[in-house]
file model31.pdb (PDB, C-alpha atoms and all ligand atoms)
MODEL        1
ATOM      1  CA  MET A   2     140.729  79.044  76.017  1.00  0.00           C
ATOM      2  CA  ALA A   3     139.113  82.142  74.476  1.00  0.00           C
ATOM      3  CA  ILE A   4     135.619  83.006  75.724  1.00  0.00           C
ATOM      4  CA  PHE A   5     132.974  84.491  73.457  1.00  0.00           C
ATOM      5  CA  ILE A   6     129.580  85.859  74.366  1.00  0.00           C
ATOM      6  CA  ARG A   7     126.819  85.703  71.776  1.00  0.00           C
ATOM      7  CA  ARG A   8     123.074  85.224  71.489  1.00  0.00           C
ATOM      8  CA  LEU A   9     121.682  81.842  72.445  1.00  0.00           C
ATOM      9  CA  GLU A  10     121.259  79.574  69.395  1.00  0.00           C
ATOM     10  CA  GLU A  11     118.771  76.744  68.935  1.00  0.00           C
ATOM     11  CA  HIS A  12     121.329  73.952  68.978  1.00  0.00           C
ATOM     12  CA  ASP A  13     123.436  75.173  71.864  1.00  0.00           C
ATOM     13  CA  GLU A  14     124.205  72.436  74.382  1.00  0.00           C
ATOM     14  CA  VAL A  15     122.280  73.338  77.489  1.00  0.00           C
ATOM     15  CA  ALA A  16     121.236  69.915  78.832  1.00  0.00           C
ATOM     16  CA  GLY A  17     124.354  69.499  80.989  1.00  0.00           C
ATOM     17  CA  PHE A  18     124.412  73.061  82.291  1.00  0.00           C
ATOM     18  CA  ASN A  19     124.603  73.172  86.067  1.00  0.00           C
ATOM     19  CA  CYS A  20     125.097  76.407  87.988  1.00  0.00           C
ATOM     20  CA  GLY A  21     123.932  74.794  91.233  1.00  0.00           C
ATOM     21  CA  ASP A  22     120.530  76.456  91.125  1.00  0.00           C
ATOM     22  CA  ASP A  23     117.631  74.442  89.677  1.00  0.00           C
ATOM     23  CA  PRO A  24     115.404  77.334  88.525  1.00  0.00           C
ATOM     24  CA  LEU A  25     118.317  78.944  86.649  1.00  0.00           C
ATOM     25  CA  ASN A  26     119.300  75.594  85.067  1.00  0.00           C
ATOM     26  CA  HIS A  27     115.683  74.869  84.185  1.00  0.00           C
ATOM     27  CA  TYR A  28     115.151  78.264  82.597  1.00  0.00           C
ATOM     28  CA  LEU A  29     118.116  77.802  80.257  1.00  0.00           C
ATOM     29  CA  GLN A  30     117.220  74.213  79.429  1.00  0.00           C
ATOM     30  CA  ARG A  31     113.472  74.603  78.963  1.00  0.00           C
ATOM     31  CA  HIS A  32     112.448  78.193  78.381  1.00  0.00           C
ATOM     32  CA  ALA A  33     115.263  80.445  77.199  1.00  0.00           C
ATOM     33  CA  TRP A  34     115.085  79.503  73.513  1.00  0.00           C
ATOM     34  CA  THR A  35     111.271  79.643  73.331  1.00  0.00           C
ATOM     35  CA  ASN A  36     111.120  82.937  75.177  1.00  0.00           C
ATOM     36  CA  GLN A  37     113.672  84.384  72.785  1.00  0.00           C
ATOM     37  CA  GLN A  38     112.571  82.910  69.478  1.00  0.00           C
ATOM     38  CA  LYS A  39     108.815  82.408  69.762  1.00  0.00           C
ATOM     39  CA  MET A  40     107.615  84.665  72.541  1.00  0.00           C
ATOM     40  CA  SER A  41     110.001  87.631  72.165  1.00  0.00           C
ATOM     41  CA  ILE A  42     109.967  88.217  75.904  1.00  0.00           C
ATOM     42  CA  GLY A  43     113.629  87.703  76.750  1.00  0.00           C
ATOM     43  CA  VAL A  44     116.897  87.436  74.860  1.00  0.00           C
ATOM     44  CA  SER A  45     119.580  85.189  76.300  1.00  0.00           C
ATOM     45  CA  TYR A  46     123.293  85.491  75.705  1.00  0.00           C
ATOM     46  CA  VAL A  47     125.692  82.645  76.322  1.00  0.00           C
ATOM     47  CA  ALA A  48     129.377  82.370  77.098  1.00  0.00           C
ATOM     48  CA  VAL A  49     131.104  79.680  75.036  1.00  0.00           C
ATOM     49  CA  ASP A  50     134.711  78.920  74.245  1.00  0.00           C
ATOM     50  CA  ASP A  51     136.548  78.262  70.999  1.00  0.00           C
ATOM     51  CA  VAL A  52     137.144  74.593  71.834  1.00  0.00           C
ATOM     52  CA  ALA A  53     133.464  73.602  72.161  1.00  0.00           C
ATOM     53  CA  PRO A  54     131.595  76.555  70.662  1.00  0.00           C
ATOM     54  CA  HIS A  55     128.097  75.241  71.494  1.00  0.00           C
ATOM     55  CA  ALA A  56     128.687  74.132  75.084  1.00  0.00           C
ATOM     56  CA  VAL A  57     127.207  76.816  77.317  1.00  0.00           C
ATOM     57  CA  LEU A  58     129.491  77.904  80.173  1.00  0.00           C
ATOM     58  CA  GLY A  59     127.252  80.699  81.428  1.00  0.00           C
ATOM     59  CA  TYR A  60     124.350  82.852  80.349  1.00  0.00           C
ATOM     60  CA  PHE A  61     122.270  85.908  81.067  1.00  0.00           C
ATOM     61  CA  THR A  62     118.831  87.023  79.914  1.00  0.00           C
ATOM     62  CA  LEU A  63     117.665  90.562  79.249  1.00  0.00           C
ATOM     63  CA  ALA A  64     114.151  91.946  78.936  1.00  0.00           C
ATOM     64  CA  MET A  65     112.566  95.373  79.005  1.00  0.00           C
ATOM     65  CA  ALA A  66     110.623  96.422  82.077  1.00  0.00           C
ATOM     66  CA  SER A  67     108.861  99.393  83.502  1.00  0.00           C
ATOM     67  CA  VAL A  68     108.402 100.120  87.178  1.00  0.00           C
ATOM     68  CA  PRO A  69     106.463 102.909  88.968  1.00  0.00           C
ATOM     69  CA  ARG A  70     108.870 105.689  89.833  1.00  0.00           C
ATOM     70  CA  ASP A  71     107.764 105.564  93.461  1.00  0.00           C
ATOM     71  CA  ALA A  72     109.043 101.994  93.757  1.00  0.00           C
ATOM     72  CA  PHE A  73     112.554 103.474  93.906  1.00  0.00           C
ATOM     73  CA  PRO A  74     114.189 105.439  96.699  1.00  0.00           C
ATOM     74  CA  LYS A  75     113.710 109.148  96.089  1.00  0.00           C
ATOM     75  CA  LYS A  76     117.421 109.838  95.807  1.00  0.00           C
ATOM     76  CA  TYR A  77     117.627 107.718  92.643  1.00  0.00           C
ATOM     77  CA  VAL A  78     114.654 109.234  90.852  1.00  0.00           C
ATOM     78  CA  ARG A  79     114.750 112.841  92.027  1.00  0.00           C
ATOM     79  CA  GLY A  80     113.694 115.235  89.286  1.00  0.00           C
ATOM     80  CA  LEU A  81     112.123 112.585  87.084  1.00  0.00           C
ATOM     81  CA  PRO A  82     108.512 113.004  85.908  1.00  0.00           C
ATOM     82  CA  PRO A  83     105.829 110.877  87.604  1.00  0.00           C
ATOM     83  CA  TYR A  84     105.824 108.217  84.887  1.00  0.00           C
ATOM     84  CA  ASP A  85     106.722 104.586  85.160  1.00  0.00           C
ATOM     85  CA  LEU A  86     110.488 104.305  84.749  1.00  0.00           C
ATOM     86  CA  PRO A  87     111.660 102.447  81.636  1.00  0.00           C
ATOM     87  CA  LEU A  88     114.300  99.901  82.575  1.00  0.00           C
ATOM     88  CA  ILE A  89     116.269  96.896  81.442  1.00  0.00           C
ATOM     89  CA  LEU A  90     115.712  93.778  83.503  1.00  0.00           C
ATOM     90  CA  LEU A  91     118.726  91.530  83.964  1.00  0.00           C
ATOM     91  CA  ALA A  92     116.372  88.625  84.377  1.00  0.00           C
ATOM     92  CA  ARG A  93     118.881  85.829  84.874  1.00  0.00           C
ATOM     93  CA  LEU A  94     122.611  85.326  85.103  1.00  0.00           C
ATOM     94  CA  ALA A  95     124.451  82.129  85.922  1.00  0.00           C
ATOM     95  CA  VAL A  96     127.746  80.353  85.371  1.00  0.00           C
ATOM     96  CA  ASP A  97     128.236  76.588  85.255  1.00  0.00           C
ATOM     97  CA  GLN A  98     129.826  75.453  88.522  1.00  0.00           C
ATOM     98  CA  ARG A  99     132.692  73.792  86.649  1.00  0.00           C
ATOM     99  CA  PHE A 100     133.781  77.219  85.393  1.00  0.00           C
ATOM    100  CA  ALA A 101     133.003  79.356  88.447  1.00  0.00           C
ATOM    101  CA  GLY A 102     135.545  81.853  89.700  1.00  0.00           C
ATOM    102  CA  ARG A 103     137.264  82.285  86.322  1.00  0.00           C
ATOM    103  CA  GLY A 104     135.827  85.659  85.436  1.00  0.00           C
ATOM    104  CA  ILE A 105     132.964  84.374  83.278  1.00  0.00           C
ATOM    105  CA  GLY A 106     130.384  86.059  85.521  1.00  0.00           C
ATOM    106  CA  HIS A 107     132.336  89.278  85.119  1.00  0.00           C
ATOM    107  CA  ALA A 108     132.481  88.875  81.333  1.00  0.00           C
ATOM    108  CA  LEU A 109     128.730  88.194  81.210  1.00  0.00           C
ATOM    109  CA  ILE A 110     127.676  91.156  83.318  1.00  0.00           C
ATOM    110  CA  SER A 111     130.077  93.430  81.397  1.00  0.00           C
ATOM    111  CA  GLU A 112     128.443  92.345  78.142  1.00  0.00           C
ATOM    112  CA  ALA A 113     124.993  92.934  79.674  1.00  0.00           C
ATOM    113  CA  PHE A 114     126.141  96.490  80.448  1.00  0.00           C
ATOM    114  CA  ARG A 115     127.450  97.054  76.914  1.00  0.00           C
ATOM    115  CA  ILE A 116     124.171  95.852  75.398  1.00  0.00           C
ATOM    116  CA  SER A 117     122.156  97.965  77.838  1.00  0.00           C
ATOM    117  CA  LEU A 118     124.137 101.083  76.924  1.00  0.00           C
ATOM    118  CA  ARG A 119     123.534 100.458  73.220  1.00  0.00           C
ATOM    119  CA  VAL A 120     119.809  99.997  73.849  1.00  0.00           C
ATOM    120  CA  ALA A 121     119.672 103.123  75.990  1.00  0.00           C
ATOM    121  CA  ASP A 122     121.190 105.101  73.102  1.00  0.00           C
ATOM    122  CA  GLU A 123     118.265 104.127  70.900  1.00  0.00           C
ATOM    123  CA  VAL A 124     115.332 103.745  73.286  1.00  0.00           C
ATOM    124  CA  GLY A 125     114.727 105.656  76.499  1.00  0.00           C
ATOM    125  CA  CYS A 126     115.732 103.523  79.436  1.00  0.00           C
ATOM    126  CA  ARG A 127     117.242 104.755  82.639  1.00  0.00           C
ATOM    127  CA  ALA A 128     118.531 101.844  84.678  1.00  0.00           C
ATOM    128  CA  ILE A 129     119.180  98.141  84.974  1.00  0.00           C
ATOM    129  CA  VAL A 130     117.376  96.176  87.642  1.00  0.00           C
ATOM    130  CA  THR A 131     117.830  92.635  88.815  1.00  0.00           C
ATOM    131  CA  ASP A 132     116.205  90.452  91.445  1.00  0.00           C
ATOM    132  CA  ALA A 133     119.279  89.063  93.146  1.00  0.00           C
ATOM    133  CA  TYR A 134     119.578  86.052  95.394  1.00  0.00           C
ATOM    134  CA  ARG A 135     120.425  87.297  98.870  1.00  0.00           C
ATOM    135  CA  ASP A 136     123.706  85.432  98.984  1.00  0.00           C
ATOM    136  CA  ARG A 137     124.760  87.219  95.772  1.00  0.00           C
ATOM    137  CA  LEU A 138     124.079  90.802  96.854  1.00  0.00           C
ATOM    138  CA  ALA A 139     127.763  91.489  97.446  1.00  0.00           C
ATOM    139  CA  TRP A 140     128.626  90.186  93.979  1.00  0.00           C
ATOM    140  CA  TYR A 141     126.201  92.638  92.347  1.00  0.00           C
ATOM    141  CA  ALA A 142     127.248  95.448  94.694  1.00  0.00           C
ATOM    142  CA  ARG A 143     130.761  95.182  93.229  1.00  0.00           C
ATOM    143  CA  TYR A 144     129.284  96.523  89.994  1.00  0.00           C
ATOM    144  CA  GLY A 145     127.399  99.366  91.652  1.00  0.00           C
ATOM    145  CA  PHE A 146     123.983  97.751  92.054  1.00  0.00           C
ATOM    146  CA  VAL A 147     122.195  99.056  95.140  1.00  0.00           C
ATOM    147  CA  PRO A 148     119.327  97.317  96.945  1.00  0.00           C
ATOM    148  CA  VAL A 149     115.901  98.864  96.499  1.00  0.00           C
ATOM    149  CA  GLU A 150     114.461  99.039  99.993  1.00  0.00           C
ATOM    150  CA  GLY A 151     110.871  98.267 100.826  1.00  0.00           C
ATOM    151  CA  GLY A 152     110.471  94.866  99.162  1.00  0.00           C
ATOM    152  CA  ALA A 153     109.697  91.539 100.797  1.00  0.00           C
ATOM    153  CA  PRO A 154     112.120  90.676 103.647  1.00  0.00           C
ATOM    154  CA  THR A 155     112.863  87.250 102.182  1.00  0.00           C
ATOM    155  CA  GLY A 156     113.360  85.949  98.653  1.00  0.00           C
ATOM    156  CA  PRO A 157     115.239  87.791  95.929  1.00  0.00           C
ATOM    157  CA  GLN A 158     116.253  91.389  96.565  1.00  0.00           C
ATOM    158  CA  ARG A 159     115.560  93.945  93.849  1.00  0.00           C
ATOM    159  CA  MET A 160     118.730  95.849  92.949  1.00  0.00           C
ATOM    160  CA  PHE A 161     119.098  98.958  90.854  1.00  0.00           C
ATOM    161  CA  LEU A 162     121.909 100.436  88.770  1.00  0.00           C
ATOM    162  CA  ASP A 163     121.583 103.781  87.006  1.00  0.00           C
ATOM    163  CA  LEU A 164     122.783 103.442  83.407  1.00  0.00           C
ATOM    164  CA  ARG A 165     124.389 106.865  83.629  1.00  0.00           C
ATOM    165  CA  THR A 166     126.739 105.401  86.248  1.00  0.00           C
ATOM    166  CA  VAL A 167     127.552 102.519  83.914  1.00  0.00           C
ATOM    167  CA  ARG A 168     128.196 104.898  81.025  1.00  0.00           C
ATOM    168  CA  GLU A 169     130.507 106.966  83.183  1.00  0.00           C
ATOM    169  CA  ALA A 170     132.425 103.853  84.294  1.00  0.00           C
ATOM    170  CA  PHE A 171     132.880 102.711  80.675  1.00  0.00           C
ATOM    171  CA  ARG A 172     134.072 106.190  79.682  1.00  0.00           C
ATOM    172  CA  ARG A 173     136.791 105.993  82.336  1.00  0.00           C
TER     173      ARG A 173
HETATM  174  C1  LIG B   1     127.267  84.586  90.849  1.00  0.00           C
HETATM  175  C2  LIG B   1     127.982  83.947  89.681  1.00  0.00           C
HETATM  176  C3  LIG B   1     127.272  84.337  88.374  1.00  0.00           C
HETATM  177  C4  LIG B   1     129.435  84.459  89.627  1.00  0.00           C
HETATM  178  O1  LIG B   1     130.051  83.923  88.469  1.00  0.00           O
HETATM  179  P1  LIG B   1     131.639  83.635  88.418  1.00  0.00           P
HETATM  180  O2  LIG B   1     131.993  83.357  87.011  1.00  0.00           O
HETATM  181  O3  LIG B   1     132.001  82.620  89.427  1.00  0.00           O
HETATM  182  O4  LIG B   1     132.186  85.068  88.883  1.00  0.00           O
HETATM  183  P2  LIG B   1     133.562  85.727  88.529  1.00  0.00           P
HETATM  184  O5  LIG B   1     134.601  84.675  88.289  1.00  0.00           O
HETATM  185  O6  LIG B   1     133.402  86.750  87.467  1.00  0.00           O
HETATM  186  O7  LIG B   1     133.839  86.513  89.862  1.00  0.00           O
HETATM  187  C5  LIG B   1     134.307  85.806  90.930  1.00  0.00           C
HETATM  188  C6  LIG B   1     134.550  86.820  92.013  1.00  0.00           C
HETATM  189  O8  LIG B   1     133.319  87.090  92.655  1.00  0.00           O
HETATM  190  C7  LIG B   1     133.443  86.767  94.033  1.00  0.00           C
HETATM  191  N1  LIG B   1     132.170  86.212  94.472  1.00  0.00           N
HETATM  192  C8  LIG B   1     131.597  85.053  94.114  1.00  0.00           C
HETATM  193  N2  LIG B   1     130.408  84.917  94.761  1.00  0.00           N
HETATM  194  C9  LIG B   1     130.257  86.021  95.518  1.00  0.00           C
HETATM  195  C10 LIG B   1     129.272  86.464  96.425  1.00  0.00           C
HETATM  196  N3  LIG B   1     128.195  85.742  96.689  1.00  0.00           N
HETATM  197  N4  LIG B   1     129.449  87.660  97.026  1.00  0.00           N
HETATM  198  C11 LIG B   1     130.533  88.404  96.770  1.00  0.00           C
HETATM  199  N5  LIG B   1     131.497  88.031  95.934  1.00  0.00           N
HETATM  200  C12 LIG B   1     131.373  86.850  95.320  1.00  0.00           C
HETATM  201  C13 LIG B   1     134.557  85.751  94.097  1.00  0.00           C
HETATM  202  O9  LIG B   1     135.150  85.771  95.375  1.00  0.00           O
HETATM  203  C14 LIG B   1     135.516  86.284  93.056  1.00  0.00           C
HETATM  204  O10 LIG B   1     136.253  87.356  93.569  1.00  0.00           O
HETATM  205  P3  LIG B   1     137.693  87.812  92.956  1.00  0.00           P
HETATM  206  O11 LIG B   1     137.409  88.314  91.569  1.00  0.00           O
HETATM  207  O12 LIG B   1     138.131  88.906  93.872  1.00  0.00           O
HETATM  208  O13 LIG B   1     138.518  86.590  92.971  1.00  0.00           O
HETATM  209  C15 LIG B   1     128.047  82.394  89.829  1.00  0.00           C
HETATM  210  O14 LIG B   1     128.603  82.088  91.088  1.00  0.00           O
HETATM  211  C16 LIG B   1     126.718  81.688  89.688  1.00  0.00           C
HETATM  212  O15 LIG B   1     126.266  81.424  88.585  1.00  0.00           O
HETATM  213  N6  LIG B   1     126.100  81.307  90.797  1.00  0.00           N
HETATM  214  C17 LIG B   1     124.884  80.505  90.772  1.00  0.00           C
HETATM  215  C18 LIG B   1     123.740  81.229  90.145  1.00  0.00           C
HETATM  216  C19 LIG B   1     123.481  82.561  90.780  1.00  0.00           C
HETATM  217  O16 LIG B   1     123.488  82.707  92.002  1.00  0.00           O
HETATM  218  N7  LIG B   1     123.232  83.560  89.917  1.00  0.00           N
HETATM  219  C20 LIG B   1     122.904  84.895  90.365  1.00  0.00           C
HETATM  220  C21 LIG B   1     121.421  84.964  90.518  1.00  0.00           C
HETATM  221  S1  LIG B   1     120.963  86.419  91.390  1.00  0.00           S
ENDMDL
END

call {"tool": "encode", "arguments": {"input": "model31.pdb", "output": "structure tokens"}}
result
Amino acid sequence: MAIFIRRLEEHDEVAGFNCGDDPLNHYLQRHAWTNQQKMSIGVSYVAVDDVAPHAVLGYFTLAMASVPRDAFPKKYVRGLPPYDLPLILLARLAVDQRFAGRGIGHALISEAFRISLRVADEVGCRAIVTDAYRDRLAWYARYGFVPVEGGAPTGPQRMFLDLRTVREAFRR
């Protein structure tokens, strides 16, 4: 089975998608297409295979964001001017439970990095951030995301990854 990652299309089969998390299922099923096509506030990318090319196995959503520089630990923003930092928000990422543990999450986040690097070549943007579920922190940490301290003690944890680190990793 060959996996492809491409932009979400209107007639993709999302109704049966189940990653085990209702808000992430609901977003794909109810909002992802509208937010992409009508609202222009988030673009979703889906993993599909060559056997059933419209059945969504996993997805992620990207949007632009900007965050006050002081929201980040000093060591990550040292030397930057006192402007809001332009960023890419990895707004959602999920894999259908039936396909978990097969590297689809890895393929999705790798594609999110490739897209982010292309964007950062054209438009100033320094980092990727995501608001990670606490039981997924270790999964994101594998890719170099670090927690941004100082947020709420419960709920999702904001994590930060400098795009220069990603670029360096891809170069190697
Ligand atoms: C997190 C998620 C995207 C991973 O997708 P996946 O396709 O199963 O991941 P991969 O197959 O690429 O990677 C699996 C690897 O990650 C590891 N892993 C899985 N969950 C982990 C966790 N919570 N912490 C650390 N490692 C984890 C597995 O042990 C496996 O390790 P291995 O490569 O050494 O065997 C998927 O579990 C998911 O969609 N979960 C529900 C939704 C969710 O939590 N999304 C994230 C929102 S912040």

call {"tool": "axis_aligned_box", "arguments": {"input": "model31.pdb", "around": "ligand LIG 1 (chain B)", "padding_each_side": "4 Å", "output": "JSON"}}
result
{"center_x": 129.7, "center_y": 84.7, "center_z": 92.0, "size_x": 25.6, "size_y": 16.4, "size_z": 18.0}

call {"tool": "closest_residue", "arguments": {"input": "model31.pdb", "among": "A:Ala3, A:Val57, A:Ala95, A:Ile110", "to": "A:Gly17", "atoms": "all atoms listed in the file"}}
result
A:Val57

call {"tool": "closest_atom_pairs", "arguments": {"input": "model31.pdb", "of": "stretch 47-97 of chain A", "to": "stretch 101-109 of chain A", "cutoff": "7 Å", "atoms": "all atoms listed in the file", "output": "Markdown table"}}
result
| residue | atom | partner | partner_atom | distance |
| --- | --- | --- | --- | --- |
| A:Tyr60 | CA | A:Leu109 | CA | 7.0 |
| A:Phe61 | CA | A:Leu109 | CA | 6.9 |
| A:Val96 | CA | A:Ala101 | CA | 6.2 |
| A:Asp97 | CA | A:Ala101 | CA | 6.4 |

call {"tool": "write_last_selection", "arguments": {"input": "model31.pdb", "atoms": "C-alpha atoms", "output": "mmCIF file, in the coordinates of the input"}}
result
data_model
loop_
_atom_site.group_PDB
_atom_site.id
_atom_site.type_symbol
_atom_site.label_atom_id
_atom_site.label_comp_id
_atom_site.auth_asym_id
_atom_site.auth_seq_id
_atom_site.Cartn_x
_atom_site.Cartn_y
_atom_site.Cartn_z
ATOM 1 C CA TYR A 60 124.350 82.852 80.349
ATOM 2 C CA PHE A 61 122.270 85.908 81.067
ATOM 3 C CA VAL A 96 127.746 80.353 85.371
ATOM 4 C CA ASP A 97 128.236 76.588 85.255
#

call {"tool": "closest_residue", "arguments": {"input": "model31.pdb", "among": "A:Asp50, A:Asp23, A:Glu11, A:Glu123", "to": "A:Asn36", "atoms": "all atoms listed in the file"}}
result
A:Glu11

call {"tool": "residues_near_point", "arguments": {"input": "model31.pdb", "point": "(115.1, 88.5, 91.7)", "cutoff": "6 Å", "atoms": "all atoms listed in the file", "output": "PyMOL selection string"}}
result
chain A and resi 131-133+157-159

call {"tool": "residues_around", "arguments": {"input": "model31.pdb", "residues": "A:Arg70", "least_positions_apart": "6", "cutoff": "8 Å", "atoms": "all atoms listed in the file", "output": "list in words"}}
result
Val78, Pro83, Tyr84, Asp85 and Leu86 of chain A

call {"tool": "closest_residue", "arguments": {"input": "model31.pdb", "among": "A:Val49, A:Val44, A:Leu81, A:Ala16", "to": "A:Met2", "atoms": "only C-alpha atoms"}}
result
A:Val49

call {"tool": "build_atoms", "arguments": {"input": "model31.pdb", "residues": "stretch 68-92 of chain A", "atoms": "N, CA and C atoms", "output": "compact mmCIF listing (two decimals), in the frame of the given file"}}
result
# COMPACT_ATOMS: atom_id res chain seq x y z
N VAL A 68 108.73 100.21 85.75
CA VAL A 68 108.40 100.12 87.18
C VAL A 68 107.95 101.51 87.64
N PRO A 69 106.89 101.59 88.48
CA PRO A 69 106.46 102.91 88.97
C PRO A 69 107.64 103.65 89.61
N ARG A 70 107.74 104.90 89.30
CA ARG A 70 108.87 105.69 89.83
C ARG A 70 108.95 105.60 91.35
N ASP A 71 107.77 105.56 92.00
CA ASP A 71 107.76 105.56 93.46
C ASP A 71 108.28 104.26 94.07
N ALA A 72 108.49 103.25 93.23
CA ALA A 72 109.04 101.99 93.76
C ALA A 72 110.52 102.17 94.10
N PHE A 73 111.13 103.27 93.67
CA PHE A 73 112.55 103.47 93.91
C PHE A 73 112.78 104.53 94.97
N PRO A 74 113.87 104.41 95.72
CA PRO A 74 114.19 105.44 96.70
C PRO A 74 114.29 106.80 96.00
N LYS A 75 113.80 107.81 96.70
CA LYS A 75 113.71 109.15 96.09
C LYS A 75 115.04 109.64 95.53
N LYS A 76 116.13 109.29 96.24
CA LYS A 76 117.42 109.84 95.81
C LYS A 76 117.81 109.36 94.41
N TYR A 77 117.26 108.22 93.97
CA TYR A 77 117.63 107.72 92.64
C TYR A 77 116.74 108.27 91.54
N VAL A 78 115.60 108.83 91.90
CA VAL A 78 114.65 109.23 90.85
C VAL A 78 114.27 110.71 90.99
N ARG A 79 115.04 111.42 91.81
CA ARG A 79 114.75 112.84 92.03
C ARG A 79 114.75 113.58 90.68
N GLY A 80 113.74 114.41 90.50
CA GLY A 80 113.69 115.24 89.29
C GLY A 80 113.04 114.55 88.10
N LEU A 81 112.75 113.27 88.22
CA LEU A 81 112.12 112.58 87.08
C LEU A 81 110.62 112.81 87.10
N PRO A 82 109.97 112.82 85.95
CA PRO A 82 108.51 113.00 85.91
C PRO A 82 107.80 111.80 86.53
N PRO A 83 106.52 111.96 86.89
CA PRO A 83 105.83 110.88 87.60
C PRO A 83 105.34 109.77 86.67
N TYR A 84 106.17 109.33 85.78
CA TYR A 84 105.82 108.22 84.89
C TYR A 84 106.46 106.95 85.44
N ASP A 85 105.99 105.82 84.89
CA ASP A 85 106.72 104.59 85.16
C ASP A 85 108.11 104.72 84.55
N LEU A 86 109.10 104.19 85.24
CA LEU A 86 110.49 104.30 84.75
C LEU A 86 110.79 103.17 83.77
N PRO A 87 111.25 103.51 82.57
CA PRO A 87 111.66 102.45 81.64
C PRO A 87 113.03 101.89 82.03
N LEU A 88 113.12 100.58 82.04
CA LEU A 88 114.30 99.90 82.58
C LEU A 88 114.67 98.70 81.72
N ILE A 89 115.88 98.21 81.96
CA ILE A 89 116.27 96.90 81.44
C ILE A 89 116.32 95.95 82.63
N LEU A 90 115.70 94.79 82.45
CA LEU A 90 115.71 93.78 83.50
C LEU A 90 116.78 92.74 83.17
N LEU A 91 117.76 92.64 84.06
CA LEU A 91 118.73 91.53 83.96
C LEU A 91 118.02 90.36 84.65
N ALA A 92 117.33 89.58 83.82
CA ALA A 92 116.37 88.62 84.38
C ALA A 92 117.05 87.39 84.97
